[in-house]
file coords38.pdb (PDB, C-alpha atoms, pLDDT in the B column)
ATOM      1  CA  MET R   1    -211.697  40.335 182.109  1.00 56.00           C
ATOM      2  CA  SER R   2    -211.355  36.654 182.747  1.00 73.00           C
ATOM      3  CA  SER R   3    -208.200  35.157 184.130  1.00 77.00           C
ATOM      4  CA  LEU R   4    -207.633  33.390 180.818  1.00 76.00           C
ATOM      5  CA  SER R   5    -207.512  36.656 178.866  1.00 84.00           C
ATOM      6  CA  VAL R   6    -205.118  38.128 181.463  1.00 83.00           C
ATOM      7  CA  VAL R   7    -202.823  35.149 181.022  1.00 80.00           C
ATOM      8  CA  GLU R   8    -203.067  35.453 177.241  1.00 83.00           C
ATOM      9  CA  ALA R   9    -202.220  39.167 177.386  1.00 85.00           C
ATOM     10  CA  LYS R  10    -199.263  38.519 179.642  1.00 84.00           C
ATOM     11  CA  LEU R  11    -198.052  35.701 177.399  1.00 82.00           C
ATOM     12  CA  GLU R  12    -198.379  37.920 174.330  1.00 86.00           C
ATOM     13  CA  ALA R  13    -196.402  40.713 176.017  1.00 87.00           C
ATOM     14  CA  GLU R  14    -193.672  38.280 177.069  1.00 85.00           C
ATOM     15  CA  SER R  15    -193.599  36.838 173.555  1.00 86.00           C
ATOM     16  CA  LYS R  16    -193.152  40.309 172.033  1.00 90.00           C
ATOM     17  CA  ALA R  17    -190.366  41.100 174.503  1.00 88.00           C
ATOM     18  CA  PHE R  18    -188.681  37.828 173.518  1.00 89.00           C
ATOM     19  CA  GLN R  19    -188.939  38.740 169.822  1.00 91.00           C
ATOM     20  CA  VAL R  20    -187.364  42.147 170.510  1.00 92.00           C
ATOM     21  CA  LEU R  21    -184.473  40.438 172.318  1.00 91.00           C
ATOM     22  CA  GLN R  22    -184.027  38.056 169.381  1.00 92.00           C
ATOM     23  CA  LYS R  23    -183.807  40.994 166.962  1.00 95.00           C
ATOM     24  CA  GLU R  24    -181.228  42.730 169.160  1.00 94.00           C
ATOM     25  CA  LEU R  25    -179.281  39.479 169.340  1.00 94.00           C
ATOM     26  CA  ALA R  26    -179.282  39.195 165.536  1.00 95.00           C
ATOM     27  CA  VAL R  27    -177.925  42.757 165.228  1.00 96.00           C
ATOM     28  CA  VAL R  28    -175.128  42.039 167.707  1.00 95.00           C
ATOM     29  CA  ILE R  29    -174.216  38.788 165.945  1.00 95.00           C
ATOM     30  CA  GLU R  30    -174.042  40.625 162.620  1.00 97.00           C
ATOM     31  CA  SER R  31    -171.825  43.271 164.215  1.00 97.00           C
ATOM     32  CA  ARG R  32    -169.481  40.605 165.586  1.00 96.00           C
ATOM     33  CA  GLN R  33    -169.244  38.917 162.188  1.00 97.00           C
ATOM     34  CA  ARG R  34    -168.396  42.234 160.529  1.00 98.00           C
ATOM     35  CA  LEU R  35    -165.696  42.928 163.120  1.00 97.00           C
ATOM     36  CA  GLU R  36    -164.205  39.461 162.716  1.00 97.00           C
ATOM     37  CA  SER R  37    -164.088  39.987 158.958  1.00 98.00           C
ATOM     38  CA  GLN R  38    -162.287  43.315 159.430  1.00 98.00           C
ATOM     39  CA  GLN R  39    -159.886  41.668 161.857  1.00 98.00           C
ATOM     40  CA  GLN R  40    -159.024  38.912 159.374  1.00 98.00           C
ATOM     41  CA  GLU R  41    -158.487  41.464 156.616  1.00 97.00           C
ATOM     42  CA  ASN R  42    -156.157  43.556 158.785  1.00 97.00           C
ATOM     43  CA  GLU R  43    -154.248  40.490 159.955  1.00 97.00           C
ATOM     44  CA  LEU R  44    -153.726  39.572 156.301  1.00 97.00           C
ATOM     45  CA  VAL R  45    -152.419  43.082 155.564  1.00 95.00           C
ATOM     46  CA  ASN R  46    -150.098  42.861 158.571  1.00 94.00           C
ATOM     47  CA  THR R  47    -148.765  39.509 157.330  1.00 96.00           C
ATOM     48  CA  GLU R  48    -148.196  40.968 153.865  1.00 94.00           C
ATOM     49  CA  PHE R  49    -146.197  43.841 155.404  1.00 92.00           C
ATOM     50  CA  GLN R  50    -143.854  41.294 156.990  1.00 91.00           C
ATOM     51  CA  HIS R  51    -143.179  39.679 153.602  1.00 93.00           C
ATOM     52  CA  LEU R  52    -142.336  42.958 151.859  1.00 91.00           C
ATOM     53  CA  ASP R  53    -138.799  44.087 151.163  1.00 90.00           C
ATOM     54  CA  GLN R  54    -137.621  47.183 153.028  1.00 87.00           C
ATOM     55  CA  ASP R  55    -137.530  49.207 149.804  1.00 88.00           C
ATOM     56  CA  SER R  56    -141.068  48.200 148.725  1.00 91.00           C
ATOM     57  CA  ASN R  57    -143.611  50.933 148.166  1.00 93.00           C
ATOM     58  CA  ILE R  58    -146.855  50.952 150.112  1.00 94.00           C
ATOM     59  CA  TYR R  59    -149.905  52.781 148.819  1.00 94.00           C
ATOM     60  CA  LYS R  60    -153.120  53.687 150.581  1.00 92.00           C
ATOM     61  CA  LEU R  61    -156.394  54.102 148.734  1.00 93.00           C
ATOM     62  CA  ILE R  62    -157.929  57.483 149.597  1.00 94.00           C
ATOM     63  CA  GLY R  63    -161.073  57.961 147.589  1.00 95.00           C
ATOM     64  CA  PRO R  64    -160.233  57.214 143.948  1.00 96.00           C
ATOM     65  CA  VAL R  65    -156.500  57.947 144.440  1.00 96.00           C
ATOM     66  CA  LEU R  66    -153.592  55.741 145.560  1.00 96.00           C
ATOM     67  CA  VAL R  67    -151.297  57.739 147.848  1.00 96.00           C
ATOM     68  CA  LYS R  68    -147.790  56.585 148.750  1.00 95.00           C
ATOM     69  CA  GLN R  69    -147.461  55.907 152.470  1.00 94.00           C
ATOM     70  CA  ASP R  70    -144.483  55.458 154.768  1.00 92.00           C
ATOM     71  CA  ARG R  71    -143.938  51.812 155.717  1.00 91.00           C
ATOM     72  CA  SER R  72    -143.712  52.434 159.467  1.00 91.00           C
ATOM     73  CA  GLU R  73    -146.805  54.647 159.414  1.00 93.00           C
ATOM     74  CA  ALA R  74    -148.787  52.045 157.478  1.00 94.00           C
ATOM     75  CA  SER R  75    -147.668  49.258 159.806  1.00 93.00           C
ATOM     76  CA  THR R  76    -148.526  51.303 162.897  1.00 95.00           C
ATOM     77  CA  ASN R  77    -151.961  52.136 161.474  1.00 95.00           C
ATOM     78  CA  VAL R  78    -152.730  48.467 160.847  1.00 96.00           C
ATOM     79  CA  LYS R  79    -151.554  47.424 164.335  1.00 96.00           C
ATOM     80  CA  ASN R  80    -153.624  50.185 165.943  1.00 97.00           C
ATOM     81  CA  ARG R  81    -156.626  49.130 163.890  1.00 97.00           C
ATOM     82  CA  LEU R  82    -156.148  45.512 165.010  1.00 97.00           C
ATOM     83  CA  ASN R  83    -156.035  46.611 168.661  1.00 98.00           C
ATOM     84  CA  LEU R  84    -159.179  48.692 168.219  1.00 98.00           C
ATOM     85  CA  ILE R  85    -161.009  45.849 166.490  1.00 98.00           C
ATOM     86  CA  SER R  86    -159.958  43.391 169.219  1.00 97.00           C
ATOM     87  CA  SER R  87    -161.276  45.624 171.975  1.00 97.00           C
ATOM     88  CA  GLU R  88    -164.496  46.182 170.041  1.00 97.00           C
ATOM     89  CA  ILE R  89    -164.909  42.404 169.595  1.00 97.00           C
ATOM     90  CA  LYS R  90    -164.540  41.946 173.367  1.00 97.00           C
ATOM     91  CA  ARG R  91    -167.214  44.598 173.978  1.00 97.00           C
ATOM     92  CA  VAL R  92    -169.574  42.978 171.466  1.00 96.00           C
ATOM     93  CA  GLU R  93    -168.934  39.519 172.961  1.00 96.00           C
ATOM     94  CA  THR R  94    -169.927  40.843 176.395  1.00 96.00           C
ATOM     95  CA  GLN R  95    -173.063  42.373 174.908  1.00 95.00           C
ATOM     96  CA  LEU R  96    -173.806  39.102 173.099  1.00 94.00           C
ATOM     97  CA  ASN R  97    -173.469  37.082 176.308  1.00 95.00           C
ATOM     98  CA  GLU R  98    -175.777  39.460 178.192  1.00 94.00           C
ATOM     99  CA  LEU R  99    -178.408  39.353 175.452  1.00 92.00           C
ATOM    100  CA  THR R 100    -178.180  35.566 175.243  1.00 92.00           C
ATOM    101  CA  GLN R 101    -178.782  35.269 178.987  1.00 92.00           C
ATOM    102  CA  LYS R 102    -181.714  37.707 178.825  1.00 89.00           C
ATOM    103  CA  SER R 103    -183.133  35.841 175.851  1.00 87.00           C
ATOM    104  CA  GLU R 104    -182.884  32.479 177.616  1.00 88.00           C
ATOM    105  CA  ALA R 105    -184.540  33.916 180.732  1.00 87.00           C
ATOM    106  CA  LYS R 106    -187.348  35.406 178.651  1.00 81.00           C
ATOM    107  CA  LYS R 107    -187.739  32.133 176.750  1.00 80.00           C
ATOM    108  CA  ASN R 108    -188.158  30.278 180.037  1.00 83.00           C
ATOM    109  CA  GLU R 109    -190.780  32.815 181.129  1.00 78.00           C
ATOM    110  CA  VAL R 110    -192.733  32.307 177.905  1.00 73.00           C
ATOM    111  CA  THR R 111    -192.671  28.516 178.031  1.00 71.00           C
TER     112      THR R 111
END

call {"tool": "encode", "arguments": {"input": "coords38.pdb", "output": "structure tokens"}}
result
Amino acid sequence: MSSLSVVEAKLEAESKAFQVLQKELAVVIESRQRLESQQQENELVNTEFQHLDQDSNIYKLIGPVLVKQDRSEASTNVKNRLNLISSEIKRVETQLNELTQKSEAKKNEVT
């Protein structure tokens, strides 16, 4: 095998590894966007809870049925969900940063 074909094979392998990293990066970005959307939705629900009167009824959709829910329980559930989503966003951000660094390093190897 000539040295040119060895270089081409190495370049092709590096290029494929870069493409794999780019796909992983796209998946992580999509995950972060989904989490941010859920966070915004839950923040909106939490804001709506603050505007409700104390005697207002709160219902939760379970399957096709609306079930009455205690105000404090509903509020606690939303706050817990917000905390969970925030911690998940931090985890995904860390993963995103790592993949971005790996992708940049691989890009520099390819070029």

call {"tool": "closest_residue", "arguments": {"input": "coords38.pdb", "among": "R:His51, R:Ser75, R:Lys106, R:Ser3", "to": "Lys16 of chain R", "atoms": "all atoms listed in the file"}}
result
R:Lys106

call {"tool": "residues_around", "arguments": {"input": "coords38.pdb", "residues": "Asn42 of chain R", "least_positions_apart": "5", "cutoff": "9 Å", "atoms": "all atoms listed in the file", "output": "short mmCIF file (atom, residue, chain, number, x, y, z; two decimals) with C-alpha atoms, in the frame of the given file"}}
result
data_model
loop_
_atom_site.label_atom_id
_atom_site.label_comp_id
_atom_site.auth_asym_id
_atom_site.auth_seq_id
_atom_site.Cartn_x
_atom_site.Cartn_y
_atom_site.Cartn_z
CA SER R 37 -164.09 39.99 158.96
CA THR R 47 -148.76 39.51 157.33
CA VAL R 78 -152.73 48.47 160.85
CA LYS R 79 -151.55 47.42 164.34
CA ARG R 81 -156.63 49.13 163.89
CA LEU R 82 -156.15 45.51 165.01
#

call {"tool": "closest_atom_pairs", "arguments": {"input": "coords38.pdb", "of": "segment 3-22 of chain R", "to": "segment 27-36 of chain R", "cutoff": "12 Å", "atoms": "all atoms listed in the file", "output": "Markdown table"}}
result
| residue | atom | partner | partner_atom | distance |
| --- | --- | --- | --- | --- |
| R:Val20 | CA | R:Val27 | CA | 10.8 |
| R:Leu21 | CA | R:Val27 | CA | 9.9 |
| R:Gln22 | CA | R:Val27 | CA | 8.8 |

call {"tool": "residues_around", "arguments": {"input": "coords38.pdb", "residues": "Lys68 of chain R", "least_positions_apart": "3", "cutoff": "10 Å", "atoms": "all atoms listed in the file", "output": "list in words"}}
result
Asn57, Ile58, Tyr59, Lys60, Leu61, Val65, Arg71 and Ala74 of chain R

call {"tool": "write_last_selection", "arguments": {"input": "coords38.pdb", "atoms": "C-alpha atoms", "output": "CSV table (one decimal), in the frame of the given file"}}
result
chain,number,residue,atom,x,y,z
R,57,ASN,CA,-143.6,50.9,148.2
R,58,ILE,CA,-146.9,51.0,150.1
R,59,TYR,CA,-149.9,52.8,148.8
R,60,LYS,CA,-153.1,53.7,150.6
R,61,LEU,CA,-156.4,54.1,148.7
R,65,VAL,CA,-156.5,57.9,144.4
R,71,ARG,CA,-143.9,51.8,155.7
R,74,ALA,CA,-148.8,52.0,157.5

call {"tool": "closest_residue", "arguments": {"input": "coords38.pdb", "among": "R:Gln69, R:Gln38, R:Ala26, R:Leu52", "to": "Leu84 of chain R", "atoms": "all atoms listed in the file"}}
result
R:Gln38

call {"tool": "closest_residue", "arguments": {"input": "coords38.pdb", "among": "R:Ser5, R:Gln19, R:Ser86, R:Ser72", "to": "Gln40 of chain R", "atoms": "all atoms listed in the file"}}
result
R:Ser86

call {"tool": "closest_residue", "arguments": {"input": "coords38.pdb", "among": "R:Ile85, R:Ala9, R:Leu99, R:Val92", "to": "Lys23 of chain R", "atoms": "all atoms listed in the file"}}
result
R:Leu99

call {"tool": "atom_distance", "arguments": {"input": "coords38.pdb", "atom1": "atom CA of Leu96 of chain R", "atom2": "atom CA of Leu44 of chain R"}}
result
26.2 Å

call {"tool": "decode", "arguments": {"input": "coords38.pdb", "residues": "segment 29-63 of chain R", "atoms": "N, CA and C atoms", "output": "PDB file, in the first residue's frame"}}
result
ATOM      1  N   ILE R  29     -28.223  18.312  21.435  1.00  0.00           N
ATOM      2  CA  ILE R  29     -28.841  19.631  21.244  1.00  0.00           C
ATOM      3  C   ILE R  29     -30.363  19.499  21.231  1.00  0.00           C
ATOM      4  N   GLU R  30     -30.859  18.488  20.558  1.00  0.00           N
ATOM      5  CA  GLU R  30     -32.307  18.246  20.523  1.00  0.00           C
ATOM      6  C   GLU R  30     -32.839  17.957  21.930  1.00  0.00           C
ATOM      7  N   SER R  31     -32.096  17.196  22.686  1.00  0.00           N
ATOM      8  CA  SER R  31     -32.478  16.872  24.064  1.00  0.00           C
ATOM      9  C   SER R  31     -32.540  18.141  24.908  1.00  0.00           C
ATOM     10  N   ARG R  32     -31.540  19.006  24.757  1.00  0.00           N
ATOM     11  CA  ARG R  32     -31.525  20.257  25.517  1.00  0.00           C
ATOM     12  C   ARG R  32     -32.717  21.138  25.142  1.00  0.00           C
ATOM     13  N   GLN R  33     -33.031  21.206  23.869  1.00  0.00           N
ATOM     14  CA  GLN R  33     -34.170  22.016  23.428  1.00  0.00           C
ATOM     15  C   GLN R  33     -35.474  21.486  24.013  1.00  0.00           C
ATOM     16  N   ARG R  34     -35.618  20.170  24.041  1.00  0.00           N
ATOM     17  CA  ARG R  34     -36.825  19.560  24.609  1.00  0.00           C
ATOM     18  C   ARG R  34     -36.926  19.877  26.105  1.00  0.00           C
ATOM     19  N   LEU R  35     -35.813  19.786  26.806  1.00  0.00           N
ATOM     20  CA  LEU R  35     -35.810  20.090  28.239  1.00  0.00           C
ATOM     21  C   LEU R  35     -36.130  21.555  28.499  1.00  0.00           C
ATOM     22  N   GLU R  36     -35.580  22.443  27.689  1.00  0.00           N
ATOM     23  CA  GLU R  36     -35.867  23.866  27.862  1.00  0.00           C
ATOM     24  C   GLU R  36     -37.341  24.159  27.612  1.00  0.00           C
ATOM     25  N   SER R  37     -37.929  23.477  26.649  1.00  0.00           N
ATOM     26  CA  SER R  37     -39.353  23.631  26.375  1.00  0.00           C
ATOM     27  C   SER R  37     -40.184  23.166  27.576  1.00  0.00           C
ATOM     28  N   GLN R  38     -39.817  22.022  28.142  1.00  0.00           N
ATOM     29  CA  GLN R  38     -40.521  21.512  29.324  1.00  0.00           C
ATOM     30  C   GLN R  38     -40.359  22.470  30.499  1.00  0.00           C
ATOM     31  N   GLN R  39     -39.168  23.041  30.629  1.00  0.00           N
ATOM     32  CA  GLN R  39     -38.925  23.976  31.722  1.00  0.00           C
ATOM     33  C   GLN R  39     -39.807  25.217  31.574  1.00  0.00           C
ATOM     34  N   GLN R  40     -39.898  25.757  30.374  1.00  0.00           N
ATOM     35  CA  GLN R  40     -40.741  26.927  30.141  1.00  0.00           C
ATOM     36  C   GLN R  40     -42.203  26.620  30.436  1.00  0.00           C
ATOM     37  N   GLU R  41     -42.659  25.459  30.020  1.00  0.00           N
ATOM     38  CA  GLU R  41     -44.040  25.053  30.255  1.00  0.00           C
ATOM     39  C   GLU R  41     -44.322  24.949  31.755  1.00  0.00           C
ATOM     40  N   ASN R  42     -43.413  24.346  32.500  1.00  0.00           N
ATOM     41  CA  ASN R  42     -43.609  24.195  33.941  1.00  0.00           C
ATOM     42  C   ASN R  42     -43.497  25.524  34.679  1.00  0.00           C
ATOM     43  N   GLU R  43     -42.638  26.408  34.204  1.00  0.00           N
ATOM     44  CA  GLU R  43     -42.554  27.740  34.798  1.00  0.00           C
ATOM     45  C   GLU R  43     -43.860  28.506  34.571  1.00  0.00           C
ATOM     46  N   LEU R  44     -44.455  28.330  33.409  1.00  0.00           N
ATOM     47  CA  LEU R  44     -45.737  28.963  33.114  1.00  0.00           C
ATOM     48  C   LEU R  44     -46.821  28.431  34.046  1.00  0.00           C
ATOM     49  N   VAL R  45     -46.839  27.117  34.255  1.00  0.00           N
ATOM     50  CA  VAL R  45     -47.816  26.509  35.170  1.00  0.00           C
ATOM     51  C   VAL R  45     -47.603  27.044  36.582  1.00  0.00           C
ATOM     52  N   ASN R  46     -46.356  27.149  37.003  1.00  0.00           N
ATOM     53  CA  ASN R  46     -46.048  27.650  38.340  1.00  0.00           C
ATOM     54  C   ASN R  46     -46.517  29.097  38.499  1.00  0.00           C
ATOM     55  N   THR R  47     -46.339  29.900  37.467  1.00  0.00           N
ATOM     56  CA  THR R  47     -46.807  31.290  37.487  1.00  0.00           C
ATOM     57  C   THR R  47     -48.333  31.347  37.571  1.00  0.00           C
ATOM     58  N   GLU R  48     -48.992  30.474  36.834  1.00  0.00           N
ATOM     59  CA  GLU R  48     -50.457  30.428  36.861  1.00  0.00           C
ATOM     60  C   GLU R  48     -50.958  30.041  38.254  1.00  0.00           C
ATOM     61  N   PHE R  49     -50.267  29.136  38.921  1.00  0.00           N
ATOM     62  CA  PHE R  49     -50.649  28.755  40.294  1.00  0.00           C
ATOM     63  C   PHE R  49     -50.621  29.962  41.219  1.00  0.00           C
ATOM     64  N   GLN R  50     -49.662  30.844  41.034  1.00  0.00           N
ATOM     65  CA  GLN R  50     -49.536  32.025  41.894  1.00  0.00           C
ATOM     66  C   GLN R  50     -50.682  33.010  41.682  1.00  0.00           C
ATOM     67  N   HIS R  51     -51.271  33.004  40.493  1.00  0.00           N
ATOM     68  CA  HIS R  51     -52.368  33.923  40.183  1.00  0.00           C
ATOM     69  C   HIS R  51     -53.739  33.381  40.581  1.00  0.00           C
ATOM     70  N   LEU R  52     -53.804  32.110  40.950  1.00  0.00           N
ATOM     71  CA  LEU R  52     -55.085  31.503  41.306  1.00  0.00           C
ATOM     72  C   LEU R  52     -55.534  31.925  42.709  1.00  0.00           C
ATOM     73  N   ASP R  53     -56.849  31.972  42.871  1.00  0.00           N
ATOM     74  CA  ASP R  53     -57.408  32.191  44.205  1.00  0.00           C
ATOM     75  C   ASP R  53     -57.197  30.933  45.032  1.00  0.00           C
ATOM     76  N   GLN R  54     -57.241  31.075  46.352  1.00  0.00           N
ATOM     77  CA  GLN R  54     -57.040  29.923  47.232  1.00  0.00           C
ATOM     78  C   GLN R  54     -58.125  28.861  47.050  1.00  0.00           C
ATOM     79  N   ASP R  55     -59.331  29.292  46.702  1.00  0.00           N
ATOM     80  CA  ASP R  55     -60.434  28.328  46.566  1.00  0.00           C
ATOM     81  C   ASP R  55     -60.588  27.799  45.126  1.00  0.00           C
ATOM     82  N   SER R  56     -59.639  28.096  44.252  1.00  0.00           N
ATOM     83  CA  SER R  56     -59.702  27.613  42.872  1.00  0.00           C
ATOM     84  C   SER R  56     -59.438  26.109  42.822  1.00  0.00           C
ATOM     85  N   ASN R  57     -60.084  25.475  41.875  1.00  0.00           N
ATOM     86  CA  ASN R  57     -59.880  24.038  41.675  1.00  0.00           C
ATOM     87  C   ASN R  57     -58.749  23.814  40.675  1.00  0.00           C
ATOM     88  N   ILE R  58     -57.958  22.791  40.951  1.00  0.00           N
ATOM     89  CA  ILE R  58     -56.874  22.414  40.050  1.00  0.00           C
ATOM     90  C   ILE R  58     -57.136  20.979  39.615  1.00  0.00           C
ATOM     91  N   TYR R  59     -57.021  20.763  38.302  1.00  0.00           N
ATOM     92  CA  TYR R  59     -57.259  19.433  37.751  1.00  0.00           C
ATOM     93  C   TYR R  59     -56.003  18.961  37.021  1.00  0.00           C
ATOM     94  N   LYS R  60     -55.789  17.670  37.088  1.00  0.00           N
ATOM     95  CA  LYS R  60     -54.655  17.050  36.411  1.00  0.00           C
ATOM     96  C   LYS R  60     -55.206  16.073  35.376  1.00  0.00           C
ATOM     97  N   LEU R  61     -54.648  16.129  34.183  1.00  0.00           N
ATOM     98  CA  LEU R  61     -55.072  15.238  33.117  1.00  0.00           C
ATOM     99  C   LEU R  61     -54.350  13.901  33.272  1.00  0.00           C
ATOM    100  N   ILE R  62     -55.117  12.854  33.539  1.00  0.00           N
ATOM    101  CA  ILE R  62     -54.572  11.497  33.643  1.00  0.00           C
ATOM    102  C   ILE R  62     -55.290  10.661  32.596  1.00  0.00           C
ATOM    103  N   GLY R  63     -54.562  10.387  31.520  1.00  0.00           N
ATOM    104  CA  GLY R  63     -55.199   9.698  30.400  1.00  0.00           C
ATOM    105  C   GLY R  63     -56.263  10.606  29.801  1.00  0.00           C
TER     106      GLY R  63
END
